[in-house]
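Student: The structure under discussion is supplied below as structure tokens; questions concerning it will follow.
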Amino acid sequence: MLDQIVFYFFAVLAVISAVMVVTRRNVVQSAIFLITALLATAGIFLQLHAEFLFIVQVILYAGGIMVLFVFVIMLVSLDVSLNQVQFNRQWWLGLLLALVLGAQLTIAVAVGRAGLPLGEPAPAKMLEPSTQLVGRVLFSEYVLPFEIASILLLVAMIGAVVMAKKKI
Amino acid sequence: MNEFASQHPILVVALPKIVVLLLVLLTSLAYLTWFERKVVAHIQSRWGPYRVGPHGLLQPLADGVKFLFKEDVTPAGADKFVYFLAPFLSLSLAITSIAVIPFGPKEFTVFGQPTPLAITNLNIGLLVLFAITSMGVYGVALAGWSSNSKYPLLGGLRSSAQMISYELALTMSVVGVILMAGTFNLSEIVMSQQGFHWGFLPRWNLIGGPMPQLLGFLLFFTAAVAETNRAPFDLAEAESELVAGFHTEYASFKFAMFFMAEYSSMITVSCLATILFFGGWLSPFPQTAAFAWAHYIPAAAFALAGLALIFYGIRYLTMFGRVVLPVLGVVLGALALLFIRPGVTEFVQGPFWFLLKVVFFLFVYVWVRGTLPRLRYDQLMGFGWKLLLPLSILNVVITSLAIVLTQR
């Protein structure tokens with residue numbers, strides 16, 4: 001019961017703030033609503049006992065990437081964006097397509113519900129501490145993809161520095 | 001009542017704990033301002049607050065009342081929503097972080113429900129603290145932007161850039177401790193620091209473990225001072241250049257909220273330094289028969305402080321002080337008497353040593369502010385990126401090497 005209340009609270013919060021992100025005219029307010037949406041998603045992770053995913057979502061997305069967003073927006077003049085057209089002329093077509101897709105998904109889930117593999121959720125106390133688990137798997141089973149990804153990130157970082165700096 | 005408590009542990013146990021800790025925290029925030037003004041004043045050969053109450057002891061109260069009754073102006077052209085949001089965000093985030101700090105080892109029971117000496121004991125306690133720290137940038141950045149004024153914008157930009165830069169060094173500097181403890185749980189990190197070198201030197205992370213974290217501690221504390229925007233890294237509010245930085249346009253209680261947030265993060269950082277490097281609530285004396293007297297140190301300290309207050313107080317300048325100071329002394333003496341009772345003695349050990357260490361770090365904070373001049377902005381950035389970050393990575397490499405070599 002409590003689980004459901006918590007889930008619907010965060011779900012509704014995430015959806016409402018996601019809508020607000022695209023409908024606000026003020027860019028900073030859009031950014032704030034995007035942060036809210038990300039945090040609400042983090043809340044859903046926590047409600048599913050995925051501690052590590054929750055904290056990574058908060059630290060990386062809400063605390064890292066969005067800070068850089070806000071940082072850049074602060075330096076941009078807002079007057080220009082306030083006078084621009086917010087949506088292009090086909091916005092009603094997009095809305096229609098989105099509604100059709102949503103209806104299709106809803107019907108598909110409603111009809112095929114019996115066939116969906118919905119296992120019984122494990123009781124919260126049974127779960128191992130997920131942080132240790134993620135770390136162990138990442139550095140044993142998936143160590144090669146992990147290292148490749150980190151080298152890719154390093155290359156991107158160095159590339160960004162090289163491109164941004166006039167003289168090295 | 002016991003039955004009701006077992007059915008509703010949140011209502012009966014967690015909620016009162018939160019309320020009590022919040023009251024204690026807010027009071028100590030107020031008295032931290034008094035402490036800072038007094039210590040800085042004595043460093044600069046002044047007396048500091050002296051008029052309101054004996055030795056200015058009621059000054060925080062006077063300040064609070066003054067903040068409440070000042071006119072609350074909103075600058076023209078400010079983004080109202082964000083302008084109101086920023087101080088609330090700062091203060092609530094700063095206060096939330098105290099929820100994961102464990103104050104002692106003992107569990108105590110409320111109506112038959114055992115509960116730890118912390119609001120919550122999370123497996124990812126340390127990560128939660130870092131998440132809150134990283135969210136703290138928003139308060140500063142949004143306050144600077146929404147004020148619609150030049151100085152706050154520059155101050156907000158400066159300090160958010162500073163906080164982003166030093167967050168890296170801050171996080172990297174504690175990786176050594178995490179590697180040695182093997183957990184993010186703050187209580188377990190403290191428990192991993194038990195034991196003594198040669199029977200008397202505590203094996204705290206600062207000087208114990210496979211690789212003593214002295215370097216890690218220095219990096220951590222430097223980065224933390226910068227992260228909390230305190231002197232000598234308080235460029236966000238460099239008066240000579242930026243008036244007051246990001247909170248220039250804030251008045252009344254919204255201004256006070258920024259200040260409370262700053263002091264609250266000082267307390268959190270001091271708690272974290274204590275837990276990670278100085279053995280948290282662990283006593284510096286071994287639990288052997290030769291050191292049995294160490295159990296009575298809290299009581300003795302309180303009794304001495306109480307006696308000193310009484311003898312000093314009865315000869316105080318004003319009538320008010322002659323009443324208040326001895327009464328305070330008697331209260332401290334009564335607490336000392338309480339502390340030598342059998343059950344209580346064991347219970348106060350943890351919180352006593354913990355708070356003593358935290359107060360020491362708060363003193364260091366103020367001491368640094370009274371001693372060092374402010375850095376220049378480019379020096380600050382260079383210091384963070386070119387010295388602290390490489391050194392903290394070096395610390396991680398050395399510590400992991402030491403752990404691998406000793407565990408073989």
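The chains in the structure tokens are called A, B, ... from first to last as shown; in each chain the residues are counted from 1, and the ligands are counted from 1 in the order shown.
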Using only C-alpha atoms, find each residue of chain A with at least one atom at most 9 Å away from an atom of chain B; report its shortest atom-to-atom pair and that distance in Å (one decimal), sort the rows by chain and rising residue number, and return the result as a Markdown table.

Tutor:
```
| residue | atom | partner | partner_atom | distance |
| --- | --- | --- | --- | --- |
| A:Val28 | CA | B:Val82 | CA | 8.6 |
| A:Gln29 | CA | B:Val82 | CA | 7.7 |
| A:Ile32 | CA | B:Val82 | CA | 8.9 |
| A:Glu51 | CA | B:Ile124 | CA | 7.4 |
| A:Phe52 | CA | B:Ile124 | CA | 7.8 |
| A:Ile55 | CA | B:Val128 | CA | 6.7 |
| A:Val56 | CA | B:Ala131 | CA | 8.4 |
| A:Val58 | CA | B:Ala131 | CA | 6.1 |
| A:Ile59 | CA | B:Ala131 | CA | 4.8 |
| A:Leu60 | CA | B:Ala131 | CA | 8.6 |
| A:Ala62 | CA | B:Met135 | CA | 7.0 |
| A:Gly63 | CA | B:Ser134 | CA | 4.8 |
| A:Gly64 | CA | B:Ser134 | CA | 7.0 |
| A:Val67 | CA | B:Tyr138 | CA | 7.0 |
| A:Leu68 | CA | B:Ile164 | CA | 8.9 |
| A:Val70 | CA | B:Ala141 | CA | 7.8 |
| A:Phe71 | CA | B:Leu157 | CA | 7.2 |
| A:Met74 | CA | B:Trp145 | CA | 6.2 |
| A:Leu75 | CA | B:Leu157 | CA | 8.7 |
| A:Pro129 | CA | B:Asn123 | CA | 7.3 |
| A:Thr131 | CA | B:Ile124 | CA | 7.8 |
| A:Gln132 | CA | B:Thr183 | CA | 8.0 |
```

Student: Export, as a PDB file, in the first residue's frame, the selected residues with N, CA, C and O atoms.

Tutor:
```pdb
ATOM      1  N   VAL A  28      15.644  28.646 -17.355  1.00  0.00           N
ATOM      2  CA  VAL A  28      16.116  28.225 -16.034  1.00  0.00           C
ATOM      3  C   VAL A  28      15.031  27.419 -15.327  1.00  0.00           C
ATOM      4  O   VAL A  28      15.300  26.406 -14.677  1.00  0.00           O
ATOM      5  N   GLN A  29      13.774  27.873 -15.485  1.00  0.00           N
ATOM      6  CA  GLN A  29      12.692  27.106 -14.863  1.00  0.00           C
ATOM      7  C   GLN A  29      12.566  25.737 -15.514  1.00  0.00           C
ATOM      8  O   GLN A  29      12.311  24.738 -14.823  1.00  0.00           O
ATOM      9  N   ILE A  32      15.082  23.606 -13.911  1.00  0.00           N
ATOM     10  CA  ILE A  32      14.706  23.197 -12.547  1.00  0.00           C
ATOM     11  C   ILE A  32      13.710  22.042 -12.608  1.00  0.00           C
ATOM     12  O   ILE A  32      13.794  21.080 -11.844  1.00  0.00           O
ATOM     13  N   GLU A  51      19.566   0.893  -4.497  1.00  0.00           N
ATOM     14  CA  GLU A  51      20.249   2.010  -3.832  1.00  0.00           C
ATOM     15  C   GLU A  51      21.296   2.648  -4.727  1.00  0.00           C
ATOM     16  O   GLU A  51      21.372   3.871  -4.849  1.00  0.00           O
ATOM     17  N   PHE A  52      22.105   1.787  -5.347  1.00  0.00           N
ATOM     18  CA  PHE A  52      23.240   2.315  -6.098  1.00  0.00           C
ATOM     19  C   PHE A  52      22.762   3.133  -7.294  1.00  0.00           C
ATOM     20  O   PHE A  52      23.267   4.221  -7.564  1.00  0.00           O
ATOM     21  N   ILE A  55      21.563   6.505  -6.149  1.00  0.00           N
ATOM     22  CA  ILE A  55      22.563   7.498  -5.767  1.00  0.00           C
ATOM     23  C   ILE A  55      23.341   7.964  -6.995  1.00  0.00           C
ATOM     24  O   ILE A  55      23.719   9.128  -7.096  1.00  0.00           O
ATOM     25  N   VAL A  56      23.537   7.050  -7.977  1.00  0.00           N
ATOM     26  CA  VAL A  56      24.232   7.455  -9.196  1.00  0.00           C
ATOM     27  C   VAL A  56      23.378   8.450  -9.969  1.00  0.00           C
ATOM     28  O   VAL A  56      23.878   9.447 -10.493  1.00  0.00           O
ATOM     29  N   VAL A  58      21.277  10.557  -8.716  1.00  0.00           N
ATOM     30  CA  VAL A  58      21.316  11.872  -8.059  1.00  0.00           C
ATOM     31  C   VAL A  58      22.668  12.539  -8.274  1.00  0.00           C
ATOM     32  O   VAL A  58      22.747  13.705  -8.659  1.00  0.00           O
ATOM     33  N   ILE A  59      23.763  11.784  -8.045  1.00  0.00           N
ATOM     34  CA  ILE A  59      25.084  12.415  -8.101  1.00  0.00           C
ATOM     35  C   ILE A  59      25.422  12.829  -9.534  1.00  0.00           C
ATOM     36  O   ILE A  59      25.862  13.943  -9.787  1.00  0.00           O
ATOM     37  N   LEU A  60      25.204  11.909 -10.489  1.00  0.00           N
ATOM     38  CA  LEU A  60      25.635  12.193 -11.861  1.00  0.00           C
ATOM     39  C   LEU A  60      24.678  13.117 -12.589  1.00  0.00           C
ATOM     40  O   LEU A  60      25.074  14.151 -13.093  1.00  0.00           O
ATOM     41  N   ALA A  62      21.474  14.695 -11.525  1.00  0.00           N
ATOM     42  CA  ALA A  62      20.983  15.894 -10.859  1.00  0.00           C
ATOM     43  C   ALA A  62      22.131  16.766 -10.364  1.00  0.00           C
ATOM     44  O   ALA A  62      22.087  17.988 -10.468  1.00  0.00           O
ATOM     45  N   GLY A  63      23.192  16.123  -9.828  1.00  0.00           N
ATOM     46  CA  GLY A  63      24.256  16.904  -9.220  1.00  0.00           C
ATOM     47  C   GLY A  63      25.395  17.246 -10.160  1.00  0.00           C
ATOM     48  O   GLY A  63      26.172  18.148  -9.879  1.00  0.00           O
ATOM     49  N   GLY A  64      25.546  16.520 -11.255  1.00  0.00           N
ATOM     50  CA  GLY A  64      26.674  16.770 -12.128  1.00  0.00           C
ATOM     51  C   GLY A  64      26.280  17.425 -13.437  1.00  0.00           C
ATOM     52  O   GLY A  64      26.580  18.595 -13.694  1.00  0.00           O
ATOM     53  N   VAL A  67      24.055  20.559 -13.242  1.00  0.00           N
ATOM     54  CA  VAL A  67      24.759  21.748 -12.759  1.00  0.00           C
ATOM     55  C   VAL A  67      25.428  22.447 -13.925  1.00  0.00           C
ATOM     56  O   VAL A  67      25.386  23.683 -14.043  1.00  0.00           O
ATOM     57  N   LEU A  68      26.019  21.662 -14.835  1.00  0.00           N
ATOM     58  CA  LEU A  68      26.661  22.266 -16.008  1.00  0.00           C
ATOM     59  C   LEU A  68      25.621  22.939 -16.906  1.00  0.00           C
ATOM     60  O   LEU A  68      25.862  24.012 -17.446  1.00  0.00           O
ATOM     61  N   VAL A  70      22.763  24.325 -15.923  1.00  0.00           N
ATOM     62  CA  VAL A  70      22.381  25.582 -15.276  1.00  0.00           C
ATOM     63  C   VAL A  70      23.493  26.612 -15.432  1.00  0.00           C
ATOM     64  O   VAL A  70      23.251  27.791 -15.691  1.00  0.00           O
ATOM     65  N   PHE A  71      24.720  26.112 -15.314  1.00  0.00           N
ATOM     66  CA  PHE A  71      25.882  26.967 -15.424  1.00  0.00           C
ATOM     67  C   PHE A  71      25.906  27.687 -16.773  1.00  0.00           C
ATOM     68  O   PHE A  71      26.147  28.893 -16.848  1.00  0.00           O
ATOM     69  N   MET A  74      22.951  30.202 -17.213  1.00  0.00           N
ATOM     70  CA  MET A  74      23.122  31.451 -16.491  1.00  0.00           C
ATOM     71  C   MET A  74      23.867  32.482 -17.315  1.00  0.00           C
ATOM     72  O   MET A  74      23.695  33.686 -17.137  1.00  0.00           O
ATOM     73  N   LEU A  75      24.732  32.006 -18.225  1.00  0.00           N
ATOM     74  CA  LEU A  75      25.548  32.930 -19.013  1.00  0.00           C
ATOM     75  C   LEU A  75      24.836  33.390 -20.280  1.00  0.00           C
ATOM     76  O   LEU A  75      25.291  34.292 -20.962  1.00  0.00           O
ATOM     77  N   PRO A 129      23.268  -6.029  -0.368  1.00  0.00           N
ATOM     78  CA  PRO A 129      23.570  -4.620  -0.611  1.00  0.00           C
ATOM     79  C   PRO A 129      23.986  -4.429  -2.063  1.00  0.00           C
ATOM     80  O   PRO A 129      24.974  -5.015  -2.508  1.00  0.00           O
ATOM     81  N   THR A 131      25.181  -2.041  -3.805  1.00  0.00           N
ATOM     82  CA  THR A 131      26.399  -1.332  -4.190  1.00  0.00           C
ATOM     83  C   THR A 131      27.561  -2.298  -4.346  1.00  0.00           C
ATOM     84  O   THR A 131      28.272  -2.283  -5.358  1.00  0.00           O
ATOM     85  N   GLN A 132      27.745  -3.172  -3.342  1.00  0.00           N
ATOM     86  CA  GLN A 132      28.820  -4.157  -3.414  1.00  0.00           C
ATOM     87  C   GLN A 132      28.631  -5.065  -4.620  1.00  0.00           C
ATOM     88  O   GLN A 132      29.586  -5.402  -5.325  1.00  0.00           O
TER      89      GLN A 132
END
```

Student: Which residues come within 12 Å of range 398-406 of chain B, counting only C-alpha atoms, excluding same-chain residues fewer than 2 positions away, as a VMD selection string?

Tutor: chain B and resid 172 to 182 205 208 to 216 391 to 396 408

Student: Which is closer to Leu186 in chain B than all the others in B:Ala251, B:Leu242, B:Met257, B:Val100, using only C-alpha atoms?

Tutor: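 Nearest candidate to Leu186 in chain B out of B:Ala251, B:Leu242, B:Met257, B:Val100: B:Val100.
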
Student: How many Å separate CA of Arg37 in chain B from CA of Tyr263 in chain B?

Tutor: 12.7 Å

Student: Hey, can you check how far CA of Gln4 in chain A sits from CA of Ala18 in chain A?

Tutor: 20.7 Å

Student: Using only C-alpha atoms, pick whichever of B:Leu168, B:Ile119, B:Met266, B:Val190 has the shortest atom-to-atom distance to Leu219 in chain B.

Tutor: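 So, comparing all the options, the nearest one is B:Leu168.
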
Student: So which residues touch Tyr50 in chain B within 12 Å, counting only C-alpha atoms, skipping near sequence neighbours fewer than 2 positions away, as a PyMOL selection string?

Tutor: chain B and resi 34+37-38+41+46-48+52-60+317-318+321

Student: Rank nothing, just name the residue among B:Trp293, B:Phe88, B:Phe233, B:Phe221 nearest to Arg374 in chain B, using only C-alpha atoms.

Tutor: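 That would be B:Phe233, the residue with the smallest distance to Arg374 in chain B.
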
Student: Using only C-alpha atoms, which residues sit within 7 Å of Thr268 in chain B once same-chain residues fewer than 4 positions away are excluded, as a PDB file with N, CA and C atoms, in the first residue's frame?

Tutor:
```
ATOM      1  N   SER B  97      21.634  16.590   5.419  1.00  0.00           N
ATOM      2  CA  SER B  97      22.837  15.754   5.453  1.00  0.00           C
ATOM      3  C   SER B  97      23.140  15.246   6.861  1.00  0.00           C
ATOM      4  N   ILE B  98      22.646  15.911   7.904  1.00  0.00           N
ATOM      5  CA  ILE B  98      22.941  15.470   9.263  1.00  0.00           C
ATOM      6  C   ILE B  98      22.214  14.145   9.568  1.00  0.00           C
ATOM      7  N   SER B 264      25.652  24.926   8.733  1.00  0.00           N
ATOM      8  CA  SER B 264      25.246  23.527   8.800  1.00  0.00           C
ATOM      9  C   SER B 264      26.199  22.653   7.999  1.00  0.00           C
ATOM     10  N   LEU B 272      32.037  14.543   9.228  1.00  0.00           N
ATOM     11  CA  LEU B 272      32.568  13.607   8.239  1.00  0.00           C
ATOM     12  C   LEU B 272      34.063  13.406   8.445  1.00  0.00           C
TER      13      LEU B 272
END
```

Student: B:Phe339, B:Tyr166, B:Tyr316, B:Phe196: which is nearest Leu387 in chain B, counting only C-alpha atoms?

Tutor: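 Result for the nearest residue to Leu387 in chain B: B:Tyr166.
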
Student: Could you give me the residues within range 138-281 of chain B that DSSP places in helix (DSSP H, G or I), as a VMD selection string?

Tutor: chain B and resid 138 to 146 150 to 173 175 to 181 186 to 191 214 to 227 235 to 237 239 to 242 245 to 247 252 to 277
